[in-house]
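Trainee: Take a look at the following structure, please.
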Amino acid sequence: MDHQLLFVILVLFILVAAVSVLAERAQFPSPILMLLAGGALAFVPGVPAIRLDPDVVLLLLLPPLLYSGGVGMSWRGFRSNLRPILMLAVGCVLFTAASVAFVMHELLGTAWAVGFVLGAIVSPPDAVAALALLRSVRLPRRILTVLEGESLANDATALVILGIALQALTTGRFSLADATLRFLAIAVGEVAFGVALGWLALRARRVARAPRAEVLLALATPYVAFWPPHALGGSGVIACVAAGLYVSWNGRRLIPPDTRLQGYFIWDLVVWATESLVFLLGGLQARVVAEAVARIGWGHALAVGSLVTFTIVVVRFVWVFPATYVPRALVPSWHRGEPPADWRTPFVVAFAGIRGVDSLAAALLVPAVVNGSVFGARDLIVFSTYLVIGVTIVLLGAMLPALLRMLGLTHVGRLEAEANRRDEQKVRLEGVDAVIGFLKRAGAEGKRSVGWLCHAYDERRRALVEGIRPTPEDPATEAARLEREIVRIEREAVARAYDENRLTDEARRRIERELDLEEARIANRHANSARVS
């Protein structure tokens, strides 16, 4: 491998770490700061231009993010909100692409095929950008599920439209019937492939029965799900998400606890590093995009890019509100059991249409030469896409937390989280009661060594009961502070013994691992308590 490439990769990871620390300390959304930092760095004298290979995003960076999004999503939530998710992931993407093509054709005289190419590129909100920004704010669960589901599935629609538009651009032929059949075949085929792969991956991991091998198989799963359908002319997106959803629903029964513990840490690191790298690479394309604009003129490029950005923002509102209220009026039976319509929900869903770097990767897939001639519209497509990404991430993304607070949805999300927390504590209490009942029966049968376990679970039950009741100071928080102090004291004792050469390195590492797990458990409990305070 080229030494210069290795150096660039190393510098990028160091930058990711530095900018993420800065974002956390400044309490600023990390994706926005990554994009801005990359854009500023691109124009620093002496910094070489980094041209993003679209295959790096589509084939290397996107699959693990889509798969982890599917694994992290509730299958029940996805299934119960399938109708609004499909209305956005399919209907809104088609409507947006057609609207951009219409505006480009009618106002700028652009060919329909060129308009649909640009429309397909900018129509889907990005899974990476949306999830990275929404993860930092508290939303009612249903809104978050709909936005997550849309952002995970809409790339498939957009990539199919883009493939059809590029084919029409090069051949001059288009058939709506063929396009519809192709889309349906891709969707059905990829769902089947993703589910089958998820089933096979879980069984292979069960046969392996080795945590490190299982985690390695899990890391390979998104690529196996994405690459074959993509190579065969599909999107790969639907298969990747379907595999993730299948593992999410069935993995709780088939994945052993020690594998889950290792997997949580590794996947958290992979997703965080990949998301951050995607935004930083997107920012670093600013110089390349600026060079493209210089060839077509800044005035014309800004006018077209602003028109496209305005179109996609307005069109999303035009689609979302009727798609929310018209079906409720026409078919009321579809919406029985759903909460009553609240205008704030469609408003936030429409506002949160944030585009990301996968749109830029799609723009870079547009060929520079079409039918033997230079495709002059390519530079304009790339710049318009970049402007759409920048405006939606930086402007809409930065405004989103304040908008949610102004609409009172963060308060609604907090109340929902508190109710969920109380339900969680009650379920924990049911589990502890079941254990206490078992221990009492074991003690009655004359089994020894259950006395201290009964005492420990009685104490745990008491703490849970006290945690359910609202008190001036959360006992779980106070207990967490004391337990952390206890772990610190134990660590100091172990360190003294090691310094005095009374403990081997192997024994020290075993004790440290146990203390690390204990401290992680305490920190997790404290975080859960603070989350609803």
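Ligands are numbered from 1 in the order shown, residues from 1 within each chain, and chains are lettered A, B, ... in the order they appear in the structure tokens.
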Go through segment 225-438 of chain A and collect every residue that DSSP, computed from the backbone, puts in helix (DSSP H, G or I); the answer should be as a VMD selection string.

Mentor: chain A and resid 225 to 231 237 to 254 257 to 284 286 to 296 298 to 330 332 to 335 344 to 351 357 to 364 377 to 407 409 to 438

Trainee: List the neighbours of segment 315-328 of chain A out to 9 Å using only C-alpha atoms; skip same-chain residues closer than 4 positions along the sequence, and give me the result as a count of residues only.

Mentor: 24

Trainee: Hey, can you check how far atom CA of Gly451 of chain A sits from atom CA of Glu424 of chain A?

Mentor: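 Interatomic distance, atom CA of Gly451 of chain A to atom CA of Glu424 of chain A: 27.2 Å.
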
Trainee: Using only C-alpha atoms, which of A:Val388, A:Val432, A:Gly244, A:Ala398 sits nearest Ala463 of chain A?

Mentor: A:Val432

Trainee: For atom CA of Phe102 of chain A and atom CA of Val146 of chain A, quote the distance in Å rounded to one decimal.

Mentor: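 Atom CA of Val146 of chain A lies 27.7 Å from atom CA of Phe102 of chain A.
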
Trainee: If I take atom CA of Val47 of chain A and atom CA of Ala26 of chain A, how far is one from the other in Å, to one decimal?

Mentor: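 Between these atoms lies a distance of 26.0 Å.
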
Trainee: Could you list, as JSON, numbers by chain, every residue within 10 Å of Thr145 of chain A, counting only C-alpha atoms and ignoring same-chain residues fewer than 3 positions away?

Mentor: {"A": [73, 74, 75, 77, 78, 80, 81, 82, 85, 139, 140, 141, 142, 148, 149, 150, 151]}

Trainee: Would you mind exporting C-alpha atoms of the selected residues as a JSON list (two decimals), in the first residue's frame?

Mentor:
```
[["chain", "number", "residue", "atom", "x", "y", "z"],
["A", 73, "MET", "CA", -33.83, -0.12, 15.57],
["A", 74, "SER", "CA", -36.83, -1.72, 17.21],
["A", 75, "TRP", "CA", -38.38, -4.26, 14.83],
["A", 77, "GLY", "CA", -41.43, 0.01, 16.09],
["A", 78, "PHE", "CA", -40.39, -0.37, 12.45],
["A", 80, "SER", "CA", -45.90, -0.62, 13.48],
["A", 81, "ASN", "CA", -44.73, 2.50, 11.61],
["A", 82, "LEU", "CA", -44.13, 0.81, 8.27],
["A", 85, "ILE", "CA", -41.81, 5.01, 6.76],
["A", 139, "LEU", "CA", -37.55, 13.07, 20.71],
["A", 140, "PRO", "CA", -40.79, 11.17, 21.18],
["A", 141, "ARG", "CA", -40.06, 7.57, 20.23],
["A", 142, "ARG", "CA", -42.51, 7.41, 17.32],
["A", 148, "GLU", "CA", -34.66, 6.38, 11.47],
["A", 149, "GLY", "CA", -36.68, 3.98, 9.34],
["A", 150, "GLU", "CA", -36.93, 6.48, 6.50],
["A", 151, "SER", "CA", -33.24, 7.32, 6.52]]
```

Trainee: Which residues, written as a ChimeraX atom specification, have at least one atom at most 8 Å from segment 483-497 of chain A, with only C-alpha atoms counted and residues fewer than 4 positions away on the same chain left out?

Mentor: /A:479,501-503,508,512,515,518-519,522

Trainee: Residues near segment 213-222 of chain A, anyone? I mean within 7 Å using only C-alpha atoms, not counting same-chain ones fewer than 2 positions away, as an NGL selection string.

Mentor: :A and (63-64 or 67 or 201 or 205 or 208 or 210-211 or 224-226 or 240 or 259 or 263)

Trainee: What are the closest atom pairs, with distances in Å to one decimal, for all residues of segment 33-137 of chain A lying within 9 Å of segment 158-161 of chain A? Consider only C-alpha atoms, order rows by chain and residue number, and present the result as CSV.

Mentor:
```
residue,atom,partner,partner_atom,distance
A:Ala89,CA,A:Ala158,CA,8.9
A:Val90,CA,A:Ala158,CA,8.5
A:Val93,CA,A:Ala158,CA,6.7
A:Leu94,CA,A:Ala158,CA,7.8
A:Ala97,CA,A:Ala158,CA,8.3
A:Phe116,CA,A:Ile161,CA,7.8
A:Val117,CA,A:Ile161,CA,7.8
A:Gly119,CA,A:Ala158,CA,8.6
A:Ala120,CA,A:Ala158,CA,5.1
A:Ile121,CA,A:Ala158,CA,6.6
A:Val122,CA,A:Ala158,CA,8.5
A:Ser123,CA,A:Ala158,CA,6.9
A:Pro124,CA,A:Ala158,CA,6.3
```

Trainee: Would you save the residues of that selection, restricted to C-alpha atoms, as a PDB file, in the first residue's frame?

Mentor:
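Generated output (again_26.pdb):
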```pdb
ATOM      1  CA  ALA A  89     -38.696   6.376   1.967  1.00  0.00           C
ATOM      2  CA  VAL A  90     -40.472   5.692  -1.332  1.00  0.00           C
ATOM      3  CA  VAL A  93     -38.131  10.405  -2.475  1.00  0.00           C
ATOM      4  CA  LEU A  94     -39.986   9.902  -5.782  1.00  0.00           C
ATOM      5  CA  ALA A  97     -36.807  13.714  -7.399  1.00  0.00           C
ATOM      6  CA  PHE A 116     -33.859  13.358 -12.580  1.00  0.00           C
ATOM      7  CA  VAL A 117     -30.185  12.529 -12.036  1.00  0.00           C
ATOM      8  CA  GLY A 119     -33.224  14.875  -8.129  1.00  0.00           C
ATOM      9  CA  ALA A 120     -32.343  11.265  -7.346  1.00  0.00           C
ATOM     10  CA  ILE A 121     -29.058  12.360  -5.770  1.00  0.00           C
ATOM     11  CA  VAL A 122     -30.470  15.026  -3.429  1.00  0.00           C
ATOM     12  CA  SER A 123     -33.860  13.468  -2.651  1.00  0.00           C
ATOM     13  CA  PRO A 124     -32.995  11.022   0.180  1.00  0.00           C
TER      14      PRO A 124
END
```

Trainee: Out of A:Arg260, A:Arg287, A:His455, A:Arg422, which residue has the shortest atom-to-atom distance to Gly38 of chain A when counting only C-alpha atoms?

Mentor: A:Arg287

Trainee: Can you pull out the residues contacting Val195 of chain A? Cut-off 9 Å, using only C-alpha atoms, and skip same-chain residues under 4 positions away; I want them as a list in words.

Mentor: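 The neighbour list is Glu190, Val191, Trp199, Leu200, Ala239, Ala242, Ala243, Gly244, Leu245, Tyr246 and Val247 of chain A.
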
Trainee: Give me a file of those residues, with C-alpha atoms, as a PDB file, in the first residue's frame.

Mentor:
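Everything below was put into result22.pdb:
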```pdb
ATOM      1  CA  GLU A 190     -33.005  -7.692  -1.253  1.00  0.00           C
ATOM      2  CA  VAL A 191     -35.435  -8.191   1.631  1.00  0.00           C
ATOM      3  CA  TRP A 199     -30.540 -16.089   9.683  1.00  0.00           C
ATOM      4  CA  LEU A 200     -27.329 -17.660   8.366  1.00  0.00           C
ATOM      5  CA  ALA A 239     -30.520  -6.114   2.141  1.00  0.00           C
ATOM      6  CA  ALA A 242     -33.128  -6.200   6.478  1.00  0.00           C
ATOM      7  CA  ALA A 243     -30.217  -8.251   7.830  1.00  0.00           C
ATOM      8  CA  GLY A 244     -29.782  -5.778  10.690  1.00  0.00           C
ATOM      9  CA  LEU A 245     -33.481  -5.845  11.590  1.00  0.00           C
ATOM     10  CA  TYR A 246     -33.516  -9.655  11.556  1.00  0.00           C
ATOM     11  CA  VAL A 247     -30.496  -9.812  13.871  1.00  0.00           C
TER      12      VAL A 247
END
```
